[in-house]
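A quick write-up on the structure given underneath.
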2 protein chains.
Amino acid sequence: MFEEKDQSRTAISELGEFGLISHLTANFKITRKSTVKGIGDDAAVIAPEKGSEIVVTTDMLVEGVHFDLSYMPLKHLGYKAVVVNLSDIYAMNAQASQITVSIALSNRFPVEAVEALYSGIETAARIYNIDVVGGDTTSSTSGLVISITAIGMADKKNITYRNGASENDLLVVTGDLGAAYLGLQVLEREKKVFEVNPNAQPDLEPYTYLVERQLKPEARKDIPKLLAELGVLPTSMIDISDGLSSEILHLCEQSKVGCNLYEEKIPLDPQVISTCEEFNLDSTTIALSGGEDYELLFTLKQEDFPKIKGNPNLTVIGHITARKEGAHLITRANTKIPLIARGWNALSEEE
Amino acid sequence: MFEEKDQSRTAISELGEFGLISHLTANFKITRKSTVKGIGDDAAVIAPEKGSEIVVTTDMLVEGVHFDLSYMPLKHLGYKAVVVNLSDIYAMNAQASQITVSIALSNRFPVEAVEALYSGIETAARIYNIDVVGGDTTSSTSGLVISITAIGMADKKNITYRNGASENDLLVVTGDLGAAYLGLQVLEREKKVFEVNPNAQPDLEPYTYLVERQLKPEARKDIPKLLAELGVLPTSMIDISDGLSSEILHLCEQSKVGCNLYEEKIPLDPQVISTCEEFNLDSTTIALSGGEDYELLFTLKQEDFPKIKGNPNLTVIGHITARKEGAHLITRANTKIPLIARGWNALSEEE
């Protein structure tokens with residue numbers, strides 16, 4: 001279906017571990033002033049900017065759990081693995097500056113496949129202006145595992161946690177929701193069609209936005225910068241990886257508050273609406289529980305509303321209430337139902 | 001043979017991903033002043049000490065490649081996974097301060113097994129005085145994969161790279177070499193005996209030091225501190241994970257120098273000598289290529305020799321020469337043979 005086109009195969013053993021690593025990392029250029037030493041020593045060395053704190057996050061992606069190589073090209077996978085980590089840095093209202101990349105892969109992967117993976121990593125590093133400063137490449141007895149750690153910096157006063165939301169703050173989301181999950185549904189449907197009829201040509205045209213959100217998600221590097229330009233310091237922030245409802249509940253729990261979320265305010269792309277109709281799915285459920293959107297969810301003081309009003313990147317979807325009020329969805333029919341977390345959960349799905 | 005004794009089994013699905021993570025991380029206490037925020041937000045936040053740079057390293061351990069659970073108890077594995085990363089931080093002449101821990105595991109592991117693994121991680125964190133500030137716990141389709149990223153700090157002027165050695169510098173090693181590799185040979189032999197006769201009781205008494213060096217290696221946290229106390233700033237440093245010869249060649253290559261290593265100076269424990277005789281192995285070969293010793297190898301100016309003379313932790317094993325001289329071993333018989341890297345190599349061993 002989406003097979004790698006390049007059919008040349010070089011066994012990893014022809015290069016050896018050190019050979020493979022230097023081959024793969026040859027394209028990684030150091031561009032950040034804060035990177036004192038990148039790949040090639042026992043550890044990387046980073047010089048913090050004056051007055052800044054360091055922000056660190058890590059994520060592991062496992063073949064057969066987080067991705068399926070039958071419809072995820074390796075280059076896209078490399079790109080996505082970086083992006084999901086950077087998203088966590090931006091969710092601290094920080095700027096990402098460095099990553100380390102560790103990969104375990106079985107010898108069913110030729111060097112060309114690893115090159116495709118690294119080319120996606122290198123592309124993401126270039127686009128997001130981060131340096132790859134370290135990592136590990138090793139063999140695995142079966143599937144592919146990618147572990148990335150991302151490092152960022154921010155002025156101490158700008159770092160935004162999950163626990164700072166207060167009653168009456170506005171609840172704001174970037175971009176739109178639900179598309180990445182629907183993209184996965186489309187790809188899985190096409191995979192089944194392909195398994196039955198390998199000559200079928202998938203027509204993904206009506207779903208381009210959805211498929212792109214699934215295969216090539218982007219992290220909101222622009223938002224910390226935009227907020228600084230608008231003079232807005234969010235009171236709390238989180239990235240939307242597991243679905244809106246799950247993330248709202250994290251914010252509420254850690255901030256010890258409740259909230260009202262308005263169904264009619266949830267931003268949806270037209271392809272999400274039309275595809276939900278086609279698949280007979282409820283678009284609100286998809287936006288609440290779909291996951292993998294990598295948008296940012298944050299709260300801000302009501303007095304800051306004029307600063308963000310009308311900004312096409314930002315949508316006010318609700319407001320914070322007292323903890324005893326609980327967290328609720330106010331439906332289009334004006335009924336109030338408790339928000340529950342039904343986000344995508346890697347571990348429980350497997351069991 | 002070394003089975004976990006506790007036979008109770010709780011399926012991971014009973015807790016769920018978030019439940020499992022909070023259950024496992026409940027014991028992790030934050031003790032470092034530099035840890036502003038640990039587990040529980042999108043990212044950890046670290047405040048660099050004034051004038052310090054940040055040092056970052058990462059390592060991935062894969063079941064069936066880096067460890068064999070039939071003789072590696074999970075608690076020891078967790079401990080070792082932390083230690084091998086810290087070793088890279090100390091090799092920069094820095095102090096380790098934080099780690100993140102990502103784990104992929106299949107559902108053949110009950111919660112009790114994951115608890116044992118985390119208890120080893122927690123023990124290492126306590127002993128080495130580092131904070132566990134983040135991570136990821138996910139399922140895998142087959143084996144266990146552990147990816148740890150370690151973070152440290154040091155005054156900018158103290159950070160020691162691989163590329164600073166100069167002609168006439170002395171080559172110094174900490175501790176003794178070859179024991180960890182021999183420990184693995186002993187364990188593998190006992191595993192074979194056990195497979196033939198499950199009632200055989202292994203007598204590991206003559207090999208306690210070797211087995212401990214393999215199963216519970218320690219990183220040289222004491223060395224950066226000792227060197228500071230002695231007033232010695234190494235000119236270059238590396239940790240010995242792949243075997244002495246491989247690490248010496250890294251130092252020589254990156255420093256653009258040669259070296260003479262004296263066979264008679266290589267520090268060996270008496271158990272290494274006696275076990276090499278028993279296994280009919282050459283102890284120098286084992287010390288040169290065995291790997292997993294996690295001692296430190298460094299160079300220092302000749303004028304600093306009086307400061308380290310007689311210190312039981314440090315052995316001068318050679319000196320740096322001009323690059324054109326090459327890197328050589330001077331044998332006990334006073335013949336000069338080129339050093340070659342035959343270190344333990346995870347990837348090529350697998351092929």
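Labels for the structure tokens follow display order: chains A, B, ..., residues from 1 in each chain, ligands from 1.
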**OP:** Identify every residue of chain B that has at least one atom within 7 Å of any atom of chain A, counting only C-alpha atoms, and report the result as number ranges by chain.
**Re:** B: 13, 16-17, 41-48, 53-60, 62, 64-65, 88-89, 91-92, 102, 107, 134-136, 138-141, 147, 161-162, 238, 345-348, 350-351
Take the residues just selected and output them with N, CA and C atoms as a compact mmCIF listing (two decimals), in the first residue's frame.
```
# COMPACT_ATOMS: atom_id res chain seq x y z
N SER B 13 -3.22 -4.78 33.11
CA SER B 13 -4.51 -4.20 32.71
C SER B 13 -5.40 -3.86 33.90
N GLY B 16 -4.17 -0.25 34.50
CA GLY B 16 -4.21 0.72 33.40
C GLY B 16 -2.91 1.51 33.35
N GLU B 17 -2.70 2.25 32.24
CA GLU B 17 -1.42 2.93 32.08
C GLU B 17 -1.18 3.99 33.15
N ASP B 41 3.91 16.47 34.75
CA ASP B 41 3.50 17.52 33.82
C ASP B 41 3.91 17.08 32.41
N ASP B 42 3.75 17.94 31.42
CA ASP B 42 4.17 17.56 30.07
C ASP B 42 5.66 17.31 30.01
N ALA B 43 6.43 18.02 30.85
CA ALA B 43 7.87 17.87 30.87
C ALA B 43 8.37 18.17 32.27
N ALA B 44 9.56 17.68 32.57
CA ALA B 44 10.21 18.04 33.84
C ALA B 44 10.89 19.40 33.68
N VAL B 45 11.09 20.08 34.79
CA VAL B 45 11.77 21.38 34.74
C VAL B 45 12.98 21.33 35.67
N ILE B 46 14.12 21.75 35.14
CA ILE B 46 15.39 21.69 35.87
C ILE B 46 16.02 23.07 35.88
N ALA B 47 16.44 23.51 37.05
CA ALA B 47 17.11 24.81 37.16
C ALA B 47 18.62 24.57 37.17
N PRO B 48 19.33 25.02 36.15
CA PRO B 48 20.78 24.80 36.14
C PRO B 48 21.44 25.57 37.27
N GLU B 53 27.04 24.01 33.00
CA GLU B 53 26.45 23.54 31.76
C GLU B 53 25.73 22.23 32.05
N ILE B 54 24.83 21.87 31.14
CA ILE B 54 24.02 20.66 31.30
C ILE B 54 24.63 19.56 30.43
N VAL B 55 24.71 18.36 31.00
CA VAL B 55 25.29 17.22 30.31
C VAL B 55 24.18 16.18 30.15
N VAL B 56 24.01 15.63 28.94
CA VAL B 56 22.89 14.72 28.65
C VAL B 56 23.37 13.48 27.93
N THR B 57 22.94 12.31 28.38
CA THR B 57 23.30 11.07 27.69
C THR B 57 22.13 10.11 27.74
N THR B 58 22.11 9.16 26.81
CA THR B 58 20.98 8.24 26.75
C THR B 58 21.46 6.86 26.32
N ASP B 59 20.79 5.83 26.81
CA ASP B 59 21.16 4.45 26.50
C ASP B 59 19.91 3.61 26.45
N MET B 60 19.90 2.64 25.56
CA MET B 60 18.75 1.75 25.44
C MET B 60 19.20 0.31 25.69
N VAL B 62 17.97 -3.69 25.54
CA VAL B 62 16.97 -4.51 24.88
C VAL B 62 17.11 -5.96 25.35
N GLY B 64 17.33 -9.79 25.37
CA GLY B 64 17.84 -10.72 24.35
C GLY B 64 19.06 -10.18 23.64
N VAL B 65 19.35 -8.88 23.82
CA VAL B 65 20.53 -8.28 23.20
C VAL B 65 21.50 -7.84 24.30
N ASP B 88 28.28 7.56 31.97
CA ASP B 88 28.59 8.51 30.89
C ASP B 88 28.62 9.95 31.39
N ILE B 89 27.80 10.25 32.39
CA ILE B 89 27.80 11.61 32.96
C ILE B 89 29.10 11.85 33.73
N ALA B 91 31.84 10.44 33.22
CA ALA B 91 32.94 10.48 32.24
C ALA B 91 33.11 11.86 31.61
N MET B 92 32.16 12.76 31.84
CA MET B 92 32.31 14.16 31.41
C MET B 92 32.89 14.99 32.56
N SER B 102 12.13 5.30 30.33
CA SER B 102 11.04 4.80 29.49
C SER B 102 11.15 3.30 29.37
N ASN B 107 2.80 -8.03 27.89
CA ASN B 107 1.92 -8.38 28.99
C ASN B 107 2.25 -9.74 29.61
N GLY B 134 10.96 11.89 34.93
CA GLY B 134 10.02 11.68 33.84
C GLY B 134 10.19 10.31 33.25
N GLY B 135 9.36 10.03 32.24
CA GLY B 135 9.46 8.75 31.57
C GLY B 135 8.18 8.38 30.90
N ASP B 136 8.14 7.14 30.49
CA ASP B 136 7.04 6.64 29.68
C ASP B 136 6.97 5.15 29.97
N THR B 138 4.97 1.79 28.49
CA THR B 138 4.09 1.40 27.39
C THR B 138 4.20 -0.10 27.17
N SER B 139 3.34 -0.65 26.32
CA SER B 139 3.43 -2.08 26.08
C SER B 139 4.35 -2.35 24.90
N SER B 140 4.84 -3.56 24.82
CA SER B 140 5.63 -3.97 23.68
C SER B 140 5.02 -5.27 23.18
N THR B 141 5.28 -5.60 21.93
CA THR B 141 4.70 -6.82 21.38
C THR B 141 5.52 -8.04 21.77
N SER B 147 14.82 2.46 28.14
CA SER B 147 15.58 3.58 27.61
C SER B 147 15.68 4.64 28.71
N TYR B 161 36.24 16.43 27.87
CA TYR B 161 35.86 15.78 26.63
C TYR B 161 36.84 14.66 26.27
N ARG B 162 36.52 13.97 25.19
CA ARG B 162 37.43 12.91 24.73
C ARG B 162 38.61 13.47 23.94
N ILE B 238 36.83 9.26 29.33
CA ILE B 238 35.83 8.41 28.68
C ILE B 238 35.49 7.30 29.67
N ASN B 345 30.13 -5.40 20.94
CA ASN B 345 29.42 -4.55 19.99
C ASN B 345 28.03 -5.12 19.78
N ALA B 346 27.08 -4.48 20.40
CA ALA B 346 25.71 -5.03 20.44
C ALA B 346 25.18 -5.35 19.06
N LEU B 347 25.41 -4.45 18.13
CA LEU B 347 24.77 -4.62 16.84
C LEU B 347 25.42 -5.72 16.00
N SER B 348 26.76 -5.74 15.96
CA SER B 348 27.40 -6.71 15.07
C SER B 348 27.30 -8.12 15.66
N GLU B 350 24.74 -9.34 16.89
CA GLU B 350 23.42 -9.85 16.57
C GLU B 350 23.33 -10.38 15.15
N GLU B 351 24.13 -9.77 14.29
CA GLU B 351 23.99 -10.09 12.86
C GLU B 351 24.46 -11.50 12.55
```
**OP:** Skip segment 294-296 of chain A itself and residues of its chain fewer than 3 positions away, then list as a list in words all residues within 9 Å of it, counting only C-alpha atoms.
**Re:**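 The contact residues come out as Val83, Val84, Ser87, Asp88, Tyr90, Ala91, Val172, Val173, Thr174, Gly175, Asp176, Leu177, Pro217, Glu218, Ala219, Arg220, Ile223, Met237, Ile238, Asp239, Ile240, Ser241, Asp242 and Gly291 of chain A.
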**OP:** Would you kindly return, as a PyMOL selection string, each protein, DNA or RNA residue with an atom no farther than 8 Å from any atom of segment 206-209 of chain B, considering only C-alpha atoms and excluding same-chain residues fewer than 5 positions away?
**Re:** chain B and resi 179+183+186+271+275
Given the selection you just returned, output its residues as a file containing C-alpha atoms, formatted as a compact mmCIF listing (two decimals), in the first residue's frame.
```
# COMPACT_ATOMS: atom_id res chain seq x y z
CA ALA B 179 35.65 -8.73 35.89
CA GLY B 183 31.07 -12.67 35.44
CA VAL B 186 30.45 -17.70 34.69
CA GLN B 271 39.52 -13.39 40.81
CA THR B 275 39.17 -17.39 36.60
```
**OP:** Mind the document's chain letters and residue numbers, and return as a ChimeraX atom specification the residues of segment 93-272 of chain B that DSSP labels strand (DSSP E or B).
**Re:** /B:95-105,131-139,145-155,170-174,236-240,258-262
Original post:
Gly164 of chain B: which residues within 6 Å, counting only C-alpha atoms, same-chain residues fewer than 3 positions away excluded, as number ranges by chain?
Top reply: B: 235-236, 255
**OP:** Report as a PyMOL selection string: the residues of segment 94-227 of chain B with a DSSP assignment of helix (DSSP H, G or I), based on the backbone of this structure.
**Re:** chain B and resi 111-127+156-158+179-196+205-215+222-227
Original post:
Distance atom CA of Phe194 of chain B-atom CA of Gly290 of chain B, one decimal place?
Top reply: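 Atom-to-atom, atom CA of Phe194 of chain B to atom CA of Gly290 of chain B, that is 24.4 Å.
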Subject >> From A:Ser289, A:Gln214, A:Gln185, A:Asn313, residue lying nearest Leu249 of chain A [only C-alpha atoms] >> reply: A:Ser289
**OP:** Record the distance separating atom CA of Phe298 of chain A and atom CA of Leu170 of chain A, expressed in Å with one decimal.
**Re:**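 Interatomic distance, atom CA of Phe298 of chain A to atom CA of Leu170 of chain A: 8.3 Å.
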**OP:** Please provide as a list in words all residues within 8 Å of segment 112-117 of chain B, with the sequence filter that same-chain residues fewer than 6 positions apart are discarded (counting only C-alpha atoms).
**Re:** Asp6, Ser8, Arg9, Thr10, Leu24, Leu74, Lys75, His76, Leu77, Gly78 and Tyr79 of chain B
Save out the residues we just selected, C-alpha atoms, as a compact mmCIF listing (two decimals), in the first residue's frame.
```
# COMPACT_ATOMS: atom_id res chain seq x y z
CA ASP B 6 7.53 -13.67 44.61
CA SER B 8 2.02 -13.28 42.91
CA ARG B 9 0.83 -12.03 39.56
CA THR B 10 -1.29 -8.96 38.95
CA LEU B 24 5.35 2.73 40.15
CA LEU B 74 14.73 -7.57 37.26
CA LYS B 75 15.74 -5.50 40.26
CA HIS B 76 19.40 -5.77 39.24
CA LEU B 77 18.48 -4.92 35.67
CA GLY B 78 16.76 -1.71 36.77
CA TYR B 79 19.79 -0.81 38.86
```
Original post:
What separation in Å, quoted to one decimal, exists between atom CA of Val196 of chain B and atom CA of Leu281 of chain B?
Top reply: 24.3 Å
